[in-house]
>>> print(open('coords.txt').read())   # compact mmCIF, C-alpha atoms and all ligand atoms
# COMPACT_ATOMS: atom_id res chain seq x y z
CA MET A 253 74.65 -58.29 111.96
CA LEU A 254 77.26 -57.49 109.34
CA ASP A 255 79.71 -54.65 109.94
CA GLY A 256 77.46 -53.42 112.74
CA LYS A 257 74.41 -53.25 110.49
CA LYS A 258 71.31 -55.42 110.45
CA VAL A 259 70.98 -57.63 107.38
CA LEU A 260 68.16 -57.38 104.86
CA PHE A 261 67.31 -59.93 102.19
CA SER A 262 64.70 -59.97 99.44
CA GLY A 263 64.22 -61.41 95.99
CA MET A 264 62.05 -61.45 92.91
CA GLN A 265 61.36 -63.97 90.26
CA ALA A 266 62.40 -63.25 86.71
CA THR A 267 59.27 -64.93 85.45
CA GLY A 268 56.82 -63.06 83.24
CA ASN A 269 56.67 -59.28 82.99
CA LEU A 270 57.08 -57.41 86.23
CA THR A 271 53.97 -55.53 87.29
CA LEU A 272 53.19 -52.33 89.09
CA GLY A 273 52.38 -54.60 92.08
CA ASN A 274 55.96 -55.87 92.19
CA TYR A 275 57.25 -52.33 91.97
CA LEU A 276 54.97 -50.60 94.47
CA GLY A 277 54.73 -53.56 96.85
CA ALA A 278 58.42 -54.43 96.90
CA LEU A 279 61.10 -52.87 94.69
CA LYS A 280 60.17 -49.24 95.42
CA ASN A 281 60.44 -49.88 99.16
CA TRP A 282 63.90 -51.40 98.80
CA VAL A 283 65.52 -48.17 97.70
CA ASN A 284 67.29 -46.12 100.40
CA LEU A 285 67.53 -48.98 102.90
CA SER A 286 71.24 -49.51 102.39
CA GLU A 287 72.23 -46.82 104.89
CA GLU A 288 70.47 -48.71 107.65
CA TYR A 289 70.90 -52.32 106.51
CA GLU A 290 73.41 -54.53 104.77
CA CYS A 291 71.20 -55.39 101.78
CA PHE A 292 71.07 -58.50 99.60
CA TYR A 293 68.69 -58.55 96.62
CA SER A 294 68.58 -61.70 94.57
CA VAL A 295 67.16 -62.50 91.15
CA VAL A 296 65.70 -65.83 92.21
CA ASP A 297 66.11 -67.90 89.07
CA LEU A 298 66.15 -71.24 90.94
CA HIS A 299 62.57 -70.53 91.98
CA SER A 300 61.58 -69.72 88.41
CA ILE A 301 62.08 -73.24 87.10
CA THR A 302 59.36 -74.62 89.37
CA VAL A 303 57.20 -73.81 86.35
CA ARG A 304 58.44 -74.54 82.82
CA GLN A 305 60.58 -71.80 81.29
CA ASP A 306 62.06 -71.20 77.89
CA PRO A 307 65.83 -71.25 78.69
CA SER A 308 66.94 -68.30 76.57
CA GLU A 309 63.96 -66.25 77.66
CA LEU A 310 64.68 -66.97 81.33
CA ARG A 311 68.30 -65.88 80.86
CA GLN A 312 67.23 -62.62 79.23
CA ARG A 313 64.58 -61.88 81.81
CA ALA A 314 66.99 -62.53 84.65
CA ARG A 315 69.45 -60.04 83.22
CA LYS A 316 66.70 -57.48 82.66
CA LEU A 317 65.47 -57.89 86.21
CA LEU A 318 68.95 -57.32 87.56
CA ALA A 319 69.23 -54.14 85.47
CA LEU A 320 65.80 -53.09 86.67
CA TYR A 321 66.91 -53.36 90.30
CA ILE A 322 69.64 -50.85 89.47
CA ALA A 323 67.30 -48.66 87.39
CA ALA A 324 64.91 -48.51 90.35
CA GLY A 325 67.67 -46.91 92.40
CA LEU A 326 69.56 -49.75 94.05
CA ASP A 327 73.23 -48.81 93.91
CA PRO A 328 75.17 -52.06 93.36
CA GLU A 329 78.11 -50.63 95.29
CA LYS A 330 75.92 -50.44 98.38
CA ASN A 331 73.50 -53.33 97.75
CA CYS A 332 74.49 -56.87 96.85
CA ILE A 333 72.49 -57.55 93.68
CA TYR A 334 73.10 -61.04 92.32
CA TYR A 335 71.71 -64.18 90.66
CA GLN A 336 70.57 -66.90 93.03
CA SER A 337 71.91 -69.58 90.67
CA HIS A 338 75.43 -68.14 91.00
CA VAL A 339 75.51 -68.99 94.70
CA SER A 340 75.31 -72.74 95.12
CA GLY A 341 74.80 -72.32 98.88
CA HIS A 342 71.11 -71.60 98.27
CA ALA A 343 70.45 -75.07 96.89
CA GLU A 344 72.74 -76.77 99.41
CA LEU A 345 71.10 -75.15 102.41
CA ALA A 346 67.65 -75.79 100.92
CA TRP A 347 68.44 -79.51 100.89
CA ILE A 348 69.41 -79.49 104.54
CA LEU A 349 66.34 -77.46 105.51
CA ASN A 350 64.12 -79.87 103.57
CA CYS A 351 65.05 -82.39 106.21
CA PHE A 352 63.69 -80.06 108.90
CA THR A 353 60.40 -79.22 107.19
CA TYR A 354 57.21 -81.25 107.42
CA MET A 355 55.00 -82.27 104.50
CA GLY A 356 51.99 -81.05 106.48
CA GLU A 357 53.45 -77.55 106.75
CA LEU A 358 54.12 -77.35 103.04
CA ASN A 359 50.67 -78.72 102.26
CA ARG A 360 49.13 -75.67 103.91
CA MET A 361 50.86 -73.13 101.68
CA THR A 362 48.24 -71.24 99.69
CA GLN A 363 50.68 -70.31 96.92
CA PHE A 364 51.39 -73.99 96.34
CA LYS A 365 47.68 -74.73 96.12
CA ASP A 366 47.16 -71.86 93.66
CA LYS A 367 50.12 -72.78 91.49
CA ALA A 368 49.30 -76.49 91.55
CA ALA A 369 45.79 -75.66 90.32
CA LYS A 370 47.21 -73.45 87.57
CA HIS A 371 49.84 -75.96 86.43
CA ALA A 372 47.96 -79.20 86.99
CA ASP A 373 50.14 -80.99 84.41
CA ASN A 374 53.36 -80.14 86.24
CA ILE A 375 52.94 -80.40 90.01
CA ASN A 376 56.60 -81.10 90.65
CA ALA A 377 58.47 -81.55 93.93
CA GLY A 378 60.22 -78.20 93.44
CA LEU A 379 56.88 -76.41 93.43
CA PHE A 380 56.05 -78.16 96.69
CA THR A 381 59.34 -77.36 98.42
CA TYR A 382 59.52 -73.83 97.00
CA PRO A 383 59.09 -72.25 100.47
CA VAL A 384 62.07 -74.23 101.79
CA LEU A 385 64.30 -72.73 99.11
CA MET A 386 62.94 -69.35 100.07
CA ALA A 387 63.79 -70.06 103.72
CA ALA A 388 67.31 -71.01 102.61
CA ASP A 389 67.66 -67.70 100.70
CA ILE A 390 66.83 -65.72 103.79
CA LEU A 391 68.64 -67.78 106.43
CA LEU A 392 71.82 -68.11 104.37
CA TYR A 393 72.54 -64.41 104.93
CA GLN A 394 71.31 -64.39 108.54
CA ALA A 395 68.75 -61.77 107.48
CA ASP A 396 67.04 -59.75 110.20
CA VAL A 397 64.42 -58.24 107.90
CA VAL A 398 62.73 -59.28 104.67
CA PRO A 399 60.76 -56.63 102.76
CA VAL A 400 57.92 -58.27 100.81
CA GLY A 401 54.33 -57.76 99.70
CA LYS A 402 51.54 -59.33 101.76
CA ASP A 403 51.29 -62.40 99.50
CA GLN A 404 54.66 -63.63 100.81
CA LEU A 405 53.83 -63.47 104.52
CA GLN A 406 52.95 -67.14 104.81
CA HIS A 407 56.36 -68.02 103.35
CA LEU A 408 58.00 -65.79 105.93
CA GLU A 409 56.16 -67.58 108.72
CA ILE A 410 57.35 -71.00 107.60
CA THR A 411 60.89 -69.62 107.31
CA ARG A 412 60.72 -68.52 110.93
CA ASP A 413 59.31 -71.90 112.00
CA ILE A 414 62.07 -73.82 110.22
CA ALA A 415 64.76 -71.55 111.69
CA GLN A 416 63.38 -71.88 115.21
CA ARG A 417 63.14 -75.65 114.88
CA PHE A 418 66.74 -75.87 113.69
CA ASN A 419 67.96 -73.53 116.45
CA ALA A 420 66.10 -75.55 119.08
CA ILE A 421 68.14 -78.61 118.09
CA TYR A 422 71.55 -77.10 117.30
CA GLY A 423 71.75 -73.82 119.22
CA ASP A 424 71.59 -70.29 117.86
CA VAL A 425 72.58 -70.93 114.27
CA PHE A 426 70.07 -68.77 112.39
CA THR A 427 68.84 -65.24 112.92
CA ILE A 428 65.05 -65.26 113.08
CA PRO A 429 63.87 -62.90 110.32
CA GLU A 430 61.05 -60.38 110.54
CA PRO A 431 58.85 -59.47 107.58
CA PHE A 432 58.90 -55.82 106.57
CA ILE A 433 55.71 -54.74 104.86
CA GLY A 434 55.48 -51.29 103.26
CA LYS A 435 52.81 -49.00 104.75
CA THR A 436 51.27 -48.53 101.33
CA GLY A 437 51.16 -50.67 98.21
CA ALA A 438 51.63 -54.00 100.01
CA LYS A 439 48.70 -55.49 98.11
CA ILE A 440 48.00 -53.98 94.72
CA ALA A 441 44.93 -55.63 93.20
CA SER A 442 44.11 -56.67 89.64
CA LEU A 443 42.52 -53.87 87.60
CA GLN A 444 39.94 -56.33 86.28
CA ASP A 445 39.08 -58.15 89.50
CA PRO A 446 39.91 -56.20 92.67
CA SER A 447 39.45 -59.31 94.82
CA LYS A 448 42.66 -60.77 93.27
CA LYS A 449 46.24 -59.51 93.48
CA MET A 450 47.83 -57.94 90.43
CA SER A 451 49.98 -60.76 89.11
CA LYS A 452 52.48 -61.24 86.31
CA SER A 453 50.90 -64.59 85.51
CA ASP A 454 47.40 -63.17 84.95
CA GLU A 455 46.20 -64.18 81.50
CA ASN A 456 44.25 -60.96 81.04
CA ALA A 457 46.81 -58.30 80.06
CA ASN A 458 44.33 -55.56 81.04
CA ALA A 459 44.42 -56.76 84.65
CA SER A 460 48.05 -55.69 85.18
CA ILE A 461 50.19 -52.67 84.48
CA TYR A 462 53.55 -53.93 83.31
CA LEU A 463 56.57 -51.85 84.19
CA MET A 464 57.50 -51.55 80.52
CA ASP A 465 54.00 -50.51 79.34
CA ASP A 466 54.04 -47.31 77.28
CA PRO A 467 52.01 -44.28 78.48
CA ASP A 468 49.06 -44.88 76.12
CA THR A 469 48.73 -48.48 77.27
CA VAL A 470 48.87 -47.45 80.93
CA ILE A 471 46.15 -44.81 80.48
CA ARG A 472 43.99 -47.21 78.45
CA LYS A 473 44.24 -49.95 81.11
CA PHE A 474 43.25 -47.54 83.88
CA LYS A 475 40.30 -46.28 81.81
CA ARG A 476 39.10 -49.88 81.58
CA ALA A 477 39.68 -50.67 85.27
CA VAL A 478 36.70 -52.32 86.94
CA THR A 479 35.06 -50.06 89.54
CA ASP A 480 31.43 -49.80 90.77
CA SER A 481 28.27 -47.75 90.34
CA GLU A 482 28.64 -45.66 93.51
CA ALA A 483 29.98 -42.75 91.47
CA GLN A 484 32.08 -41.35 94.32
CA VAL A 485 35.81 -41.57 94.97
CA ARG A 486 35.81 -42.97 98.50
CA TYR A 487 38.42 -45.09 100.31
CA ARG A 488 36.29 -47.86 101.75
CA GLU A 489 35.95 -51.66 101.81
CA GLU A 490 32.68 -51.61 99.88
CA GLN A 491 34.45 -50.07 96.87
CA PRO A 492 37.46 -52.37 96.36
CA GLY A 493 38.16 -51.24 92.79
CA ILE A 494 38.22 -47.55 93.68
CA ARG A 495 40.12 -48.29 96.88
CA ASN A 496 42.83 -50.03 94.85
CA LEU A 497 43.07 -47.07 92.46
CA ILE A 498 43.37 -44.71 95.43
CA ASP A 499 46.15 -46.91 96.85
CA ILE A 500 48.03 -46.75 93.56
CA TYR A 501 47.48 -42.99 93.27
CA CYS A 502 48.70 -42.41 96.82
CA VAL A 503 51.88 -44.46 96.47
CA CYS A 504 52.71 -42.70 93.21
CA THR A 505 51.99 -39.14 94.40
CA GLY A 506 52.74 -39.37 98.12
CA LYS A 507 49.23 -38.06 98.89
CA SER A 508 46.96 -39.58 101.54
CA PRO A 509 43.61 -41.31 100.87
CA GLU A 510 41.80 -38.43 102.67
CA ASP A 511 43.44 -35.81 100.44
CA THR A 512 42.58 -37.89 97.41
CA GLU A 513 38.93 -38.14 98.43
CA LYS A 514 38.85 -34.33 98.79
CA GLU A 515 40.66 -33.75 95.51
CA PHE A 516 38.11 -35.81 93.58
CA ASP A 517 35.03 -34.90 95.56
CA GLY A 518 32.12 -34.44 93.15
CA LYS A 519 34.26 -35.51 90.17
CA GLY A 520 33.55 -38.50 87.92
CA TYR A 521 35.43 -41.81 87.72
CA GLY A 522 36.68 -40.91 84.22
CA GLU A 523 38.63 -37.94 85.53
CA PHE A 524 39.95 -39.88 88.53
CA LYS A 525 41.09 -42.83 86.43
CA LEU A 526 42.95 -40.51 84.08
CA ALA A 527 44.72 -38.88 87.04
CA VAL A 528 45.76 -42.30 88.39
CA GLY A 529 47.05 -43.30 84.94
CA GLU A 530 49.07 -40.08 84.65
CA ALA A 531 50.52 -40.50 88.14
CA VAL A 532 51.67 -44.01 87.22
CA VAL A 533 53.15 -42.84 83.91
CA SER A 534 55.18 -40.21 85.74
CA VAL A 535 56.64 -42.93 87.98
CA LEU A 536 57.31 -45.41 85.17
CA LYS A 537 58.84 -43.02 82.62
CA PRO A 538 62.11 -42.29 84.47
CA LEU A 539 62.38 -45.96 85.45
CA GLN A 540 62.00 -47.04 81.82
CA SER A 541 64.52 -44.57 80.44
CA ARG A 542 67.13 -45.42 83.06
CA PHE A 543 66.56 -49.11 82.37
CA ALA A 544 66.98 -48.57 78.60
CA GLU A 545 70.37 -46.90 79.21
CA LEU A 546 71.61 -49.51 81.65
CA ILE A 547 70.71 -52.62 79.71
CA LYS A 548 72.92 -51.39 76.84
CA ASP A 549 75.94 -51.19 79.12
CA LYS A 550 77.00 -54.79 78.89
CA SER A 551 80.37 -54.53 80.62
CA TYR A 552 78.94 -52.61 83.58
CA ILE A 553 76.16 -55.17 84.15
CA ASP A 554 78.68 -58.01 83.79
CA ARG A 555 80.90 -56.43 86.38
CA VAL A 556 78.01 -56.07 88.84
CA ILE A 557 77.09 -59.72 88.30
CA LYS A 558 80.64 -60.90 88.93
CA GLU A 559 81.53 -58.69 91.89
CA ASN A 560 78.25 -59.01 93.73
CA GLY A 561 78.05 -62.74 92.99
CA ASP A 562 81.45 -63.15 94.67
CA LYS A 563 80.33 -61.10 97.64
CA ALA A 564 77.13 -63.12 98.07
CA ASN A 565 79.10 -66.36 97.83
CA TYR A 566 81.47 -65.21 100.53
CA PHE A 567 78.70 -64.54 103.07
CA ALA A 568 76.64 -67.57 102.05
CA ALA A 569 79.62 -69.90 102.53
CA LYS A 570 80.08 -68.73 106.11
CA THR A 571 76.57 -69.80 107.16
CA LEU A 572 76.65 -72.95 105.08
CA ARG A 573 79.89 -74.20 106.66
CA LYS A 574 78.48 -73.58 110.10
CA VAL A 575 75.27 -75.48 109.31
CA GLN A 576 77.15 -78.38 107.71
CA LYS A 577 79.27 -78.72 110.81
CA LYS A 578 76.23 -78.59 113.11
CA VAL A 579 74.41 -81.38 111.30
CA GLY A 580 77.51 -83.56 111.34
CA PHE A 581 79.05 -83.43 107.86
CA PRO A 582 82.79 -84.22 107.92
CA GLU A 583 85.14 -81.26 107.89
CA ARG A 584 87.03 -80.54 104.68
CA VAL A 585 90.70 -81.51 104.58
CA ARG A 586 92.78 -78.55 103.38
P1 LIG B 601 57.45 -62.49 93.29
O1 LIG B 601 58.52 -62.51 92.26
O2 LIG B 601 56.14 -63.10 92.97
O3 LIG B 601 57.18 -61.01 93.74
C1 LIG B 601 58.24 -60.13 94.08
C2 LIG B 601 57.78 -59.18 95.18
O4 LIG B 601 56.63 -58.43 94.73
C3 LIG B 601 55.59 -58.52 95.69
N1 LIG B 601 54.29 -58.48 94.99
C4 LIG B 601 53.31 -57.61 95.26
N2 LIG B 601 53.20 -56.64 96.18
C5 LIG B 601 52.04 -55.92 96.19
N3 LIG B 601 51.00 -56.13 95.35
C6 LIG B 601 51.08 -57.11 94.41
N4 LIG B 601 50.05 -57.31 93.58
C7 LIG B 601 52.26 -57.91 94.34
N5 LIG B 601 52.66 -58.94 93.55
C8 LIG B 601 53.91 -59.28 93.97
C9 LIG B 601 55.82 -59.85 96.39
O5 LIG B 601 55.23 -59.87 97.67
C10 LIG B 601 57.33 -59.91 96.47
O6 LIG B 601 57.80 -59.18 97.59
N6 LIG B 601 58.81 -66.15 96.38
C11 LIG B 601 59.06 -64.76 96.02
C12 LIG B 601 60.49 -64.47 95.67
C13 LIG B 601 61.47 -64.86 96.70
C14 LIG B 601 61.75 -64.18 97.92
C15 LIG B 601 62.75 -64.93 98.55
C16 LIG B 601 61.24 -63.02 98.49
C17 LIG B 601 62.27 -65.96 96.68
N7 LIG B 601 63.04 -66.00 97.76
C18 LIG B 601 63.27 -64.55 99.81
C19 LIG B 601 61.76 -62.63 99.74
C20 LIG B 601 62.74 -63.40 100.37
C21 LIG B 601 58.20 -64.41 94.83
O7 LIG B 601 57.84 -65.25 94.05
O8 LIG B 601 58.00 -63.08 94.66
>>> encode(input="coords.txt", output="structure tokens")
Amino acid sequence: MLDGKKVLFSGMQATGNLTLGNYLGALKNWVNLSEEYECFYSVVDLHSITVRQDPSELRQRARKLLALYIAAGLDPEKNCIYYQSHVSGHAELAWILNCFTYMGELNRMTQFKDKAAKHADNINAGLFTYPVLMAADILLYQADVVPVGKDQLQHLEITRDIAQRFNAIYGDVFTIPEPFIGKTGAKIASLQDPSKKMSKSDENANASIYLMDDPDTVIRKFKRAVTDSEAQVRYREEQPGIRNLIDIYCVCTGKSPEDTEKEFDGKGYGEFKLAVGEAVVSVLKPLQSRFAELIKDKSYIDRVIKENGDKANYFAAKTLRKVQKKVGFPERVR
């Protein structure tokens, strides 16, 4: 609890181009939560270097992601939007939590297995302990809730396990966080292979809608989306491609799958795909134009970075000092 409100934490990596999956599964759900929660949203650049990055590109992407948070509707006066690397408490707590996490637990993480397979030439220790850093992010702010897409659930479970283990030894130090999964859009699939999630690291650019794609590109990618030969717009397991398009359509228009089935009853896939594309364009256009304005305003963005970075540091330090004391580090002499 902070100022009588529950605390919420989430983050995104500034790696690659953000996709519609990131937006519909996470960012879109973050907006309007600040009345109910004290919100912290981090650009998690420490996580990004678990795979090789071009330094200047990473810096630019991190700044763009921060601006995108604001463009999506997160008011930086009401939400603490900051760079993870500006708060050293994340790395310090991660070290401590490493000592309370078992190799066997980390070995079971599916994201580690996937990433290790993808980057076989760089299976570094950071990639392995990635979930511990994520636990530190969340526990540092004593977060009650963590809004994420379904792919992050396993990381939330290990966070809870680590926190409970630590609390069992040292008393009630950490709040045990709950995942918060949006009712819709929690798992947006690839447009080329609906059995996979839409991912910024997909090599096939047609598989993902990027948030900065122009309208023609968006429409073209939807036209090419892999579907089936059933020739009916139905929301069912046996039609994963169409089901995914219905999901996207529903999140963008606010309609239900039943209404969508009725709307496109007897109509062809061509017409449906075009409607999905247009619905996505109407969501992306205002986001893109607001982003274009914001990113030009250097002094405003700098001010947000400074002020919110200070705020995050203040709250992070409180938990960190408590944890350091619990594990037995000597007190500082003032
Ligand atoms: P990242 O950067 O891969 O993704 C950011 C958010 O987008 C969600 N997401 C999706 N949701 C629906 N459909 C998809 N296809 C899709 N792809 C991505 C993710 O679930 C996530 O919510 N490890 C995290 C970042 C992180 C974090 C944290 C998150 C670091 N520390 C602490 C929460 C709390 C990650 O790489 O997300």
>>> atom_distance(input="coords.txt", atom1="atom CA of A:Tyr354", atom2="atom CA of A:Ser262")
23.9 Å
>>> closest_residue(input="coords.txt", among="A:Glu482, A:Asp445, A:Asp562, A:Glu530", to="ligand LIG 601 (chain B)", atoms="all atoms listed in the file")
A:Asp445
>>> residues_near_ligand(input="coords.txt", ligand="ligand LIG 601 (chain B)", cutoff="8 Å", atoms="only C-alpha atoms and all ligand atoms", output="PyMOL selection string")
chain A and resi 261-267+271-279+294+296+299+382-383+385-387+389-390+398-405+407-408+437-442+449-452
>>> closest_residue(input="coords.txt", among="A:Cys504, A:Ile557, A:Ala368, A:Leu270", to="A:Asp465", atoms="all atoms listed in the file")
A:Leu270
>>> closest_residue(input="coords.txt", among="A:Ala372, A:Trp282, A:Arg360, A:Asp255", to="A:Val303", atoms="all atoms listed in the file")
A:Ala372
>>> residues_near_point(input="coords.txt", point="(72.7, -53.8, 105.8)", cutoff="8 Å", atoms="only C-alpha atoms", output="JSON, numbers by chain")
{"A": [253, 254, 257, 258, 259, 260, 285, 286, 287, 288, 289, 290, 291, 292]}
>>> atom_distance(input="coords.txt", atom1="atom CA of A:Leu358", atom2="atom CA of A:Gln576")
23.5 Å
>>> residues_around(input="coords.txt", residues="A:Leu379", least_positions_apart="6", cutoff="10 Å", atoms="only C-alpha atoms", output="list in words")
His299, Ser300, Ile301, Thr302, Val303, Gln363, Phe364, Lys365, Lys367, Ala368 and His371 of chain A
>>> atom_distance(input="coords.txt", atom1="atom CA of A:Val503", atom2="atom CA of A:Thr436")
6.4 Å
>>> residues_around(input="coords.txt", residues="stretch 323-336 of chain A", least_positions_apart="3", cutoff="8 Å", atoms="all atoms listed in the file", output="PyMOL selection string")
chain A and resi 279-280+282-284+286+290-298+314+318-320+339-340+342+539-540+542-543+546+556-557+560-561+563-564
>>> closest_residue(input="coords.txt", among="A:Val470, A:Ala346, A:Cys502, A:Met355", to="A:Thr411", atoms="only C-alpha atoms")
A:Ala346
>>> decode(input="coords.txt", residues="stretch 360-381 of chain A", atoms="N, CA, C and O atoms", output="compact mmCIF listing (two decimals), in the first residue's frame")
# COMPACT_ATOMS: atom_id res chain seq x y z
N ARG A 360 13.47 -24.54 -15.36
CA ARG A 360 12.14 -24.88 -15.87
C ARG A 360 11.48 -23.77 -16.68
O ARG A 360 10.43 -23.97 -17.26
N MET A 361 12.09 -22.60 -16.70
CA MET A 361 11.44 -21.45 -17.35
C MET A 361 11.39 -21.63 -18.87
O MET A 361 12.43 -21.77 -19.52
N THR A 362 10.20 -21.61 -19.42
CA THR A 362 10.09 -21.87 -20.87
C THR A 362 10.71 -20.74 -21.68
O THR A 362 11.28 -20.98 -22.73
N GLN A 363 10.60 -19.49 -21.18
CA GLN A 363 11.19 -18.39 -21.96
C GLN A 363 12.71 -18.54 -22.05
O GLN A 363 13.30 -18.25 -23.08
N PHE A 364 13.32 -19.03 -20.97
CA PHE A 364 14.77 -19.26 -21.03
C PHE A 364 15.09 -20.31 -22.09
O PHE A 364 16.01 -20.13 -22.90
N LYS A 365 14.31 -21.38 -22.10
CA LYS A 365 14.58 -22.45 -23.07
C LYS A 365 14.43 -21.91 -24.50
O LYS A 365 15.26 -22.17 -25.36
N ASP A 366 13.37 -21.14 -24.72
CA ASP A 366 13.14 -20.57 -26.06
C ASP A 366 14.28 -19.65 -26.47
O ASP A 366 14.82 -19.73 -27.57
N LYS A 367 14.64 -18.75 -25.55
CA LYS A 367 15.67 -17.75 -25.89
C LYS A 367 17.03 -18.41 -26.04
O LYS A 367 17.83 -18.00 -26.89
N ALA A 368 17.30 -19.42 -25.21
CA ALA A 368 18.59 -20.11 -25.31
C ALA A 368 18.69 -20.81 -26.67
O ALA A 368 19.75 -20.83 -27.31
N ALA A 369 17.56 -21.34 -27.15
CA ALA A 369 17.58 -22.02 -28.45
C ALA A 369 17.80 -21.00 -29.56
O ALA A 369 18.53 -21.25 -30.53
N LYS A 370 17.22 -19.81 -29.39
CA LYS A 370 17.32 -18.77 -30.42
C LYS A 370 18.70 -18.13 -30.45
O LYS A 370 19.17 -17.69 -31.49
N HIS A 371 19.33 -18.03 -29.27
CA HIS A 371 20.64 -17.37 -29.18
C HIS A 371 21.68 -18.36 -28.67
O HIS A 371 22.32 -18.12 -27.64
N ALA A 372 21.82 -19.46 -29.38
CA ALA A 372 22.67 -20.55 -28.92
C ALA A 372 24.13 -20.12 -28.73
O ALA A 372 24.87 -20.70 -27.93
N ASP A 373 24.55 -19.05 -29.41
CA ASP A 373 25.93 -18.59 -29.28
C ASP A 373 26.12 -17.64 -28.10
O ASP A 373 27.23 -17.18 -27.83
N ASN A 374 25.05 -17.34 -27.38
CA ASN A 374 25.16 -16.39 -26.27
C ASN A 374 24.21 -16.75 -25.13
O ASN A 374 23.33 -15.99 -24.76
N ILE A 375 24.40 -17.96 -24.60
CA ILE A 375 23.54 -18.37 -23.47
C ILE A 375 24.24 -17.90 -22.19
O ILE A 375 24.97 -18.64 -21.55
N ASN A 376 24.01 -16.63 -21.87
CA ASN A 376 24.76 -16.04 -20.75
C ASN A 376 24.00 -16.19 -19.43
O ASN A 376 22.81 -16.53 -19.42
N ALA A 377 24.70 -15.91 -18.33
CA ALA A 377 24.09 -16.09 -17.00
C ALA A 377 22.92 -15.13 -16.79
O ALA A 377 21.97 -15.44 -16.08
N GLY A 378 22.99 -13.95 -17.44
CA GLY A 378 21.90 -12.98 -17.31
C GLY A 378 20.60 -13.52 -17.90
O GLY A 378 19.51 -13.29 -17.36
N LEU A 379 20.73 -14.22 -19.02
CA LEU A 379 19.55 -14.82 -19.65
C LEU A 379 18.92 -15.85 -18.70
O LEU A 379 17.70 -15.95 -18.58
N PHE A 380 19.79 -16.55 -18.00
CA PHE A 380 19.32 -17.59 -17.07
C PHE A 380 18.63 -16.98 -15.84
O PHE A 380 17.59 -17.46 -15.40
N THR A 381 19.22 -15.90 -15.32
CA THR A 381 18.67 -15.32 -14.09
C THR A 381 17.68 -14.17 -14.38
O THR A 381 17.25 -13.47 -13.45
